[in-house]
There are 2 protein chains.
Amino acid sequence: MIFFSSIYLGYICFMGVLRKTKSVKLLLSEFEKQSTAISAITLIERLQSKMNKTTIYRVLEKLEDDGFLHSFLGKNGYKWYAKCTNCSSAEHHDVHPHFQCTDCGKVDCLSKDALIPNIPNRKVDVSRVVLQGKCEDCFT
Amino acid sequence: MIFFSSIYLGYICFMGVLRKTKSVKLLLSEFEKQSTAISAITLIERLQSKMNKTTIYRVLEKLEDDGFLHSFLGKNGYKWYAKCTNCSSAEHHDVHPHFQCTDCGKVDCLSKDALIPNIPNRKVDVSRVVLQGKCEDCFT
DNA sequence: TAATTAACGCAACCAAGTTGCAATAAATAT
DNA sequence: ATATTTATTGCAACTTGGTTGCGTTAATTA
């Protein structure tokens, strides 16, 4: 219950769109206790006893629309989600690169200044970047 | 027939692995007459009267293993292929970013110095970058 | 407490990509 | 040139991440 006294609850109330259902709370708590990105598949595995996979996909989509999560495609084209930092339903700022470890599979967000997304003669709207390799733990 | 008097034929003969079959020739000719990247789906649409989709996937995989094509995931997680510049079966150098137009869907390869793939404390093996937006033609 | 309406569960579906296997056709040996 | 070897192909069936339609349930509002 603790995590719903935080910004989440206020945010949702403010938006007035997303209802505080059991499913929404469960999904939010997953992103509360884990700072790295989580794949949709992983969430389905973890929560399938508690909610339907259709619901998971629909809530994730809504949380992304509201600027609460951002999504990207990892290895094999699987969908991953991570918390946004300064986004809203009006604008998504999270065009930073992600790093996926080929050993443990963990994905986390990198600081966005690692990339120069300005290409001459083109208007860049989305920058989907996934770097793959060995993370600090698996490297040694 | 003309395009098989080029480097392609010599390359294949040298490798001694890939046979000069009708399917291989057909797929190579597609990448000969189009310099931008092509999605697997597009190739299946174009060539389905001439070869089976399984064959298309298998030949593409082999051409990638031999360092002739490189692949990446575009919008929706669809697989795209483009010609390599200086790769071999031993090493793939094509970690450059790609640009996909959200209007016409066209994808082309960008010069690799647009990206800095060095991240502290991590060993980067693969860099999958897809920028999306408007290309020169669709921008105006 | 009742009315409204978003969210849910279920089952069926969609489609990109894969697998097993028998048939075919390149490459190689005779 | 012909036979043998073996990579390649086509087909059909399958796998699976993700979606859709719809009747039911539950959160919000009156």
# chains A, B, ... in the order shown; residues from 1 in each chain; ligands from 1
call {"tool": "residues_around", "arguments": {"residues": "segment 4-20 of chain C", "least_positions_apart": "6", "cutoff": "12 Å", "atoms": "only C-alpha atoms (C1' of nucleotides)", "output": "JSON, numbers by chain"}}
result
{"A": [16, 17, 18, 19, 20, 21, 22, 23, 24, 48, 50, 51, 52, 53, 54, 55, 56, 58, 59, 62, 76, 77], "B": [39, 40, 41, 42, 44, 53, 54, 55, 56, 57, 58, 61, 76, 77, 78, 79], "D": [11, 12, 13, 14, 15, 16, 17, 18, 19, 20, 21, 22, 23, 24, 25, 26, 27, 28, 29, 30]}
call {"tool": "select_by_dssp", "arguments": {"residues": "segment 44-73 of chain B", "states": "alpha helix (DSSP H)", "output": "CSV table (one decimal) with all heavy atoms, in the first residue's frame"}}
result
chain,number,residue,atom,x,y,z
B,44,ILE,N,9.3,-11.3,-48.9
B,44,ILE,CA,8.4,-12.4,-49.1
B,44,ILE,C,7.3,-12.0,-50.1
B,44,ILE,O,6.9,-12.7,-51.0
B,44,ILE,CB,7.8,-12.8,-47.7
B,44,ILE,CG1,8.9,-13.5,-46.9
B,44,ILE,CG2,6.6,-13.7,-47.9
B,44,ILE,CD1,8.5,-13.7,-45.5
B,45,GLU,N,6.8,-10.7,-49.9
B,45,GLU,CA,5.7,-10.2,-50.8
B,45,GLU,C,6.2,-10.2,-52.2
B,45,GLU,O,5.5,-10.6,-53.1
B,45,GLU,CB,5.3,-8.8,-50.4
B,45,GLU,CG,4.4,-8.7,-49.2
B,45,GLU,CD,4.2,-7.3,-48.7
B,45,GLU,OE1,4.8,-6.4,-49.3
B,45,GLU,OE2,3.6,-7.1,-47.6
B,46,ARG,N,7.4,-9.7,-52.4
B,46,ARG,CA,7.9,-9.6,-53.8
B,46,ARG,C,8.2,-10.9,-54.5
B,46,ARG,O,8.0,-11.0,-55.7
B,46,ARG,CB,9.2,-8.8,-53.8
B,46,ARG,CG,9.1,-7.3,-53.6
B,46,ARG,CD,10.4,-6.6,-53.8
B,46,ARG,NE,10.5,-5.3,-53.2
B,46,ARG,CZ,11.6,-4.6,-53.0
B,46,ARG,NH1,12.8,-5.2,-53.3
B,46,ARG,NH2,11.6,-3.4,-52.4
B,47,LEU,N,8.7,-11.9,-53.7
B,47,LEU,CA,9.2,-13.1,-54.3
B,47,LEU,C,8.4,-14.3,-54.0
B,47,LEU,O,8.8,-15.4,-54.4
B,47,LEU,CB,10.6,-13.3,-53.8
B,47,LEU,CG,11.7,-12.2,-54.0
B,47,LEU,CD1,13.0,-12.5,-53.3
B,47,LEU,CD2,11.9,-12.0,-55.5
B,53,LYS,N,8.6,-18.8,-48.4
B,53,LYS,CA,9.1,-17.8,-47.4
B,53,LYS,C,10.1,-18.5,-46.5
B,53,LYS,O,11.1,-17.8,-46.0
B,53,LYS,CB,7.9,-17.3,-46.6
B,53,LYS,CG,7.3,-18.3,-45.7
B,53,LYS,CD,6.3,-17.6,-44.7
B,53,LYS,CE,5.7,-18.6,-43.8
B,53,LYS,NZ,4.9,-18.0,-42.7
B,54,THR,N,10.0,-19.8,-46.3
B,54,THR,CA,11.0,-20.5,-45.5
B,54,THR,C,12.4,-20.3,-46.1
B,54,THR,O,13.4,-20.1,-45.4
B,54,THR,CB,10.7,-22.0,-45.4
B,54,THR,OG1,9.3,-22.1,-44.9
B,54,THR,CG2,11.6,-22.6,-44.4
B,55,THR,N,12.4,-20.5,-47.4
B,55,THR,CA,13.7,-20.4,-48.2
B,55,THR,C,14.3,-19.0,-48.0
B,55,THR,O,15.5,-18.8,-47.8
B,55,THR,CB,13.5,-20.7,-49.6
B,55,THR,OG1,12.9,-22.0,-49.7
B,55,THR,CG2,14.8,-20.7,-50.4
B,56,ILE,N,13.4,-18.0,-48.1
B,56,ILE,CA,13.8,-16.6,-48.0
B,56,ILE,C,14.5,-16.4,-46.6
B,56,ILE,O,15.6,-15.9,-46.5
B,56,ILE,CB,12.6,-15.6,-48.2
B,56,ILE,CG1,12.1,-15.7,-49.6
B,56,ILE,CG2,13.0,-14.2,-47.8
B,56,ILE,CD1,10.9,-14.9,-49.9
B,57,TYR,N,13.8,-16.8,-45.6
B,57,TYR,CA,14.4,-16.6,-44.2
B,57,TYR,C,15.8,-17.4,-44.1
B,57,TYR,O,16.7,-16.9,-43.5
B,57,TYR,CB,13.5,-17.2,-43.2
B,57,TYR,CG,12.3,-16.2,-42.8
B,57,TYR,CD1,11.0,-16.5,-43.1
B,57,TYR,CD2,12.6,-15.0,-42.2
B,57,TYR,CE1,10.0,-15.6,-42.8
B,57,TYR,CE2,11.6,-14.1,-41.9
B,57,TYR,CZ,10.3,-14.4,-42.2
B,57,TYR,OH,9.2,-13.6,-41.9
B,58,ARG,N,15.8,-18.6,-44.7
B,58,ARG,CA,17.0,-19.4,-44.6
B,58,ARG,C,18.2,-18.8,-45.3
B,58,ARG,O,19.3,-18.7,-44.9
B,58,ARG,CB,16.8,-20.8,-45.0
B,58,ARG,CG,16.0,-21.5,-43.9
B,58,ARG,CD,16.0,-23.0,-44.0
B,58,ARG,NE,15.0,-23.5,-45.0
B,58,ARG,CZ,14.2,-24.6,-44.7
B,58,ARG,NH1,14.3,-25.2,-43.5
B,58,ARG,NH2,13.3,-25.0,-45.6
B,59,VAL,N,17.9,-18.3,-46.6
B,59,VAL,CA,19.0,-17.7,-47.4
B,59,VAL,C,19.5,-16.4,-46.7
B,59,VAL,O,20.7,-16.2,-46.6
B,59,VAL,CB,18.5,-17.5,-48.8
B,59,VAL,CG1,19.6,-16.7,-49.6
B,59,VAL,CG2,18.3,-18.8,-49.5
B,60,LEU,N,18.5,-15.6,-46.2
B,60,LEU,CA,18.9,-14.4,-45.6
B,60,LEU,C,19.8,-14.6,-44.4
B,60,LEU,O,20.8,-14.0,-44.2
B,60,LEU,CB,17.7,-13.6,-45.1
B,60,LEU,CG,16.8,-12.9,-46.2
B,60,LEU,CD1,15.6,-12.4,-45.6
B,60,LEU,CD2,17.6,-11.9,-46.9
B,61,GLU,N,19.5,-15.6,-43.6
B,61,GLU,CA,20.3,-16.0,-42.4
B,61,GLU,C,21.7,-16.4,-42.8
B,61,GLU,O,22.7,-16.0,-42.2
B,61,GLU,CB,19.6,-17.2,-41.7
B,61,GLU,CG,20.2,-17.5,-40.3
B,61,GLU,CD,19.6,-18.7,-39.7
B,61,GLU,OE1,18.9,-19.5,-40.5
B,61,GLU,OE2,19.7,-19.0,-38.5
B,62,LYS,N,21.8,-17.2,-43.9
B,62,LYS,CA,23.1,-17.6,-44.4
B,62,LYS,C,23.9,-16.4,-44.9
B,62,LYS,O,25.1,-16.4,-44.6
B,62,LYS,CB,22.9,-18.7,-45.5
B,62,LYS,CG,24.0,-19.6,-45.6
B,62,LYS,CD,23.6,-20.9,-46.2
B,62,LYS,CE,23.3,-21.9,-45.1
B,62,LYS,NZ,23.0,-23.3,-45.6
B,63,LEU,N,23.3,-15.5,-45.7
B,63,LEU,CA,24.0,-14.4,-46.2
B,63,LEU,C,24.5,-13.5,-45.0
B,63,LEU,O,25.5,-12.8,-45.2
B,63,LEU,CB,23.1,-13.6,-47.1
B,63,LEU,CG,22.8,-14.2,-48.5
B,63,LEU,CD1,21.7,-13.5,-49.2
B,63,LEU,CD2,24.0,-14.4,-49.3
B,64,GLU,N,23.7,-13.5,-43.9
B,64,GLU,CA,24.2,-12.7,-42.8
B,64,GLU,C,25.4,-13.4,-42.1
B,64,GLU,O,26.3,-12.7,-41.7
B,64,GLU,CB,23.0,-12.5,-41.8
B,64,GLU,CG,23.4,-11.6,-40.6
B,64,GLU,CD,22.3,-11.3,-39.7
B,64,GLU,OE1,21.3,-12.1,-39.7
B,64,GLU,OE2,22.4,-10.3,-38.9
B,65,ASP,N,25.3,-14.7,-41.9
B,65,ASP,CA,26.4,-15.5,-41.3
B,65,ASP,C,27.7,-15.3,-42.1
B,65,ASP,O,28.8,-15.2,-41.6
B,65,ASP,CB,26.0,-16.9,-41.3
B,65,ASP,CG,25.0,-17.2,-40.2
B,65,ASP,OD1,24.8,-16.4,-39.4
B,65,ASP,OD2,24.4,-18.4,-40.2
call {"tool": "atom_distance", "arguments": {"atom1": "atom CA of Lys106 of chain B", "atom2": "atom CA of Ser29 of chain B"}}
result
18.4 Å
call {"tool": "interface_residues", "arguments": {"of": "chain D", "to": "chain B", "cutoff": "8 Å", "atoms": "only C-alpha atoms (C1' of nucleotides)", "output": "VMD selection string"}}
result
chain D and resid 7 9 to 10
call {"tool": "residues_around", "arguments": {"residues": "DA3 of chain D", "least_positions_apart": "6", "cutoff": "12 Å", "atoms": "only C-alpha atoms (C1' of nucleotides)", "output": "list in words"}}
result
DT28, DA29 and DT30 of chain C
call {"tool": "write_last_selection", "arguments": {"atoms": "all heavy atoms", "output": "compact mmCIF listing (two decimals), in the first residue's frame"}}
result
# COMPACT_ATOMS: atom_id res chain seq x y z
P DT C 28 32.46 -28.08 -55.58
OP1 DT C 28 33.18 -27.58 -54.39
OP2 DT C 28 32.74 -27.54 -56.93
O5' DT C 28 32.64 -29.66 -55.66
C5' DT C 28 32.25 -30.45 -54.55
C4' DT C 28 32.39 -31.92 -54.88
O4' DT C 28 31.35 -32.31 -55.81
C3' DT C 28 33.72 -32.31 -55.52
O3' DT C 28 34.33 -33.31 -54.73
C2' DT C 28 33.33 -32.83 -56.92
C1' DT C 28 31.88 -33.27 -56.69
N1 DT C 28 31.03 -33.24 -57.91
C2 DT C 28 30.32 -34.37 -58.25
O2 DT C 28 30.36 -35.41 -57.60
N3 DT C 28 29.56 -34.25 -59.39
C4 DT C 28 29.42 -33.14 -60.20
O4 DT C 28 28.70 -33.15 -61.19
C5 DT C 28 30.19 -32.00 -59.79
C7 DT C 28 30.12 -30.72 -60.59
C6 DT C 28 30.94 -32.10 -58.67
P DA C 29 35.70 -34.02 -55.19
OP1 DA C 29 36.51 -34.25 -53.97
OP2 DA C 29 36.28 -33.29 -56.34
O5' DA C 29 35.18 -35.43 -55.70
C5' DA C 29 34.33 -36.20 -54.86
C4' DA C 29 34.01 -37.53 -55.49
O4' DA C 29 33.12 -37.33 -56.62
C3' DA C 29 35.21 -38.31 -56.04
O3' DA C 29 34.98 -39.70 -55.81
C2' DA C 29 35.23 -37.96 -57.52
C1' DA C 29 33.74 -37.81 -57.82
N9 DA C 29 33.42 -36.83 -58.85
C8 DA C 29 33.90 -35.56 -58.97
N7 DA C 29 33.43 -34.90 -60.00
C5 DA C 29 32.55 -35.80 -60.60
C6 DA C 29 31.73 -35.72 -61.73
N6 DA C 29 31.64 -34.62 -62.49
N1 DA C 29 30.99 -36.80 -62.05
C2 DA C 29 31.08 -37.89 -61.27
N3 DA C 29 31.83 -38.10 -60.19
C4 DA C 29 32.54 -36.99 -59.90
P DT C 30 36.11 -40.77 -56.24
OP1 DT C 30 36.10 -41.80 -55.21
OP2 DT C 30 37.36 -40.06 -56.59
O5' DT C 30 35.51 -41.39 -57.57
C5' DT C 30 34.19 -41.94 -57.56
C4' DT C 30 33.82 -42.42 -58.95
O4' DT C 30 33.49 -41.29 -59.79
C3' DT C 30 34.90 -43.20 -59.68
O3' DT C 30 34.40 -44.46 -60.11
C2' DT C 30 35.29 -42.33 -60.86
C1' DT C 30 34.01 -41.52 -61.07
N1 DT C 30 34.22 -40.18 -61.69
C2 DT C 30 33.42 -39.81 -62.76
O2 DT C 30 32.56 -40.53 -63.21
N3 DT C 30 33.69 -38.57 -63.25
C4 DT C 30 34.65 -37.66 -62.80
O4 DT C 30 34.78 -36.57 -63.35
C5 DT C 30 35.44 -38.11 -61.70
C7 DT C 30 36.52 -37.23 -61.15
C6 DT C 30 35.20 -39.34 -61.19
call {"tool": "residues_around", "arguments": {"residues": "Phe31 of chain A", "least_positions_apart": "6", "cutoff": "9 Å", "atoms": "only C-alpha atoms (C1' of nucleotides)", "output": "ChimeraX atom specification"}}
result
/A:37-38,81-83
call {"tool": "write_last_selection", "arguments": {"atoms": "N, CA and C atoms", "output": "compact mmCIF listing (two decimals), in the first residue's frame"}}
result
# COMPACT_ATOMS: atom_id res chain seq x y z
N ALA A 37 14.53 -1.83 -16.71
CA ALA A 37 13.39 -2.11 -17.58
C ALA A 37 12.90 -3.55 -17.41
N ILE A 38 11.63 -3.79 -17.71
CA ILE A 38 11.04 -5.12 -17.58
C ILE A 38 10.33 -5.44 -18.88
N TYR A 81 9.50 -2.34 -21.06
CA TYR A 81 8.97 -1.10 -20.48
C TYR A 81 9.87 -0.62 -19.35
N ALA A 82 9.98 0.71 -19.22
CA ALA A 82 10.71 1.29 -18.09
C ALA A 82 10.05 2.60 -17.70
N LYS A 83 10.30 3.01 -16.46
CA LYS A 83 9.72 4.25 -15.95
C LYS A 83 10.24 5.46 -16.72
call {"tool": "atom_distance", "arguments": {"atom1": "atom CA of Leu73 of chain B", "atom2": "atom CA of Lys25 of chain B"}}
result
24.1 Å
call {"tool": "atom_distance", "arguments": {"atom1": "atom CA of Cys101 of chain A", "atom2": "atom CA of Asp66 of chain B"}}
result
24.9 Å
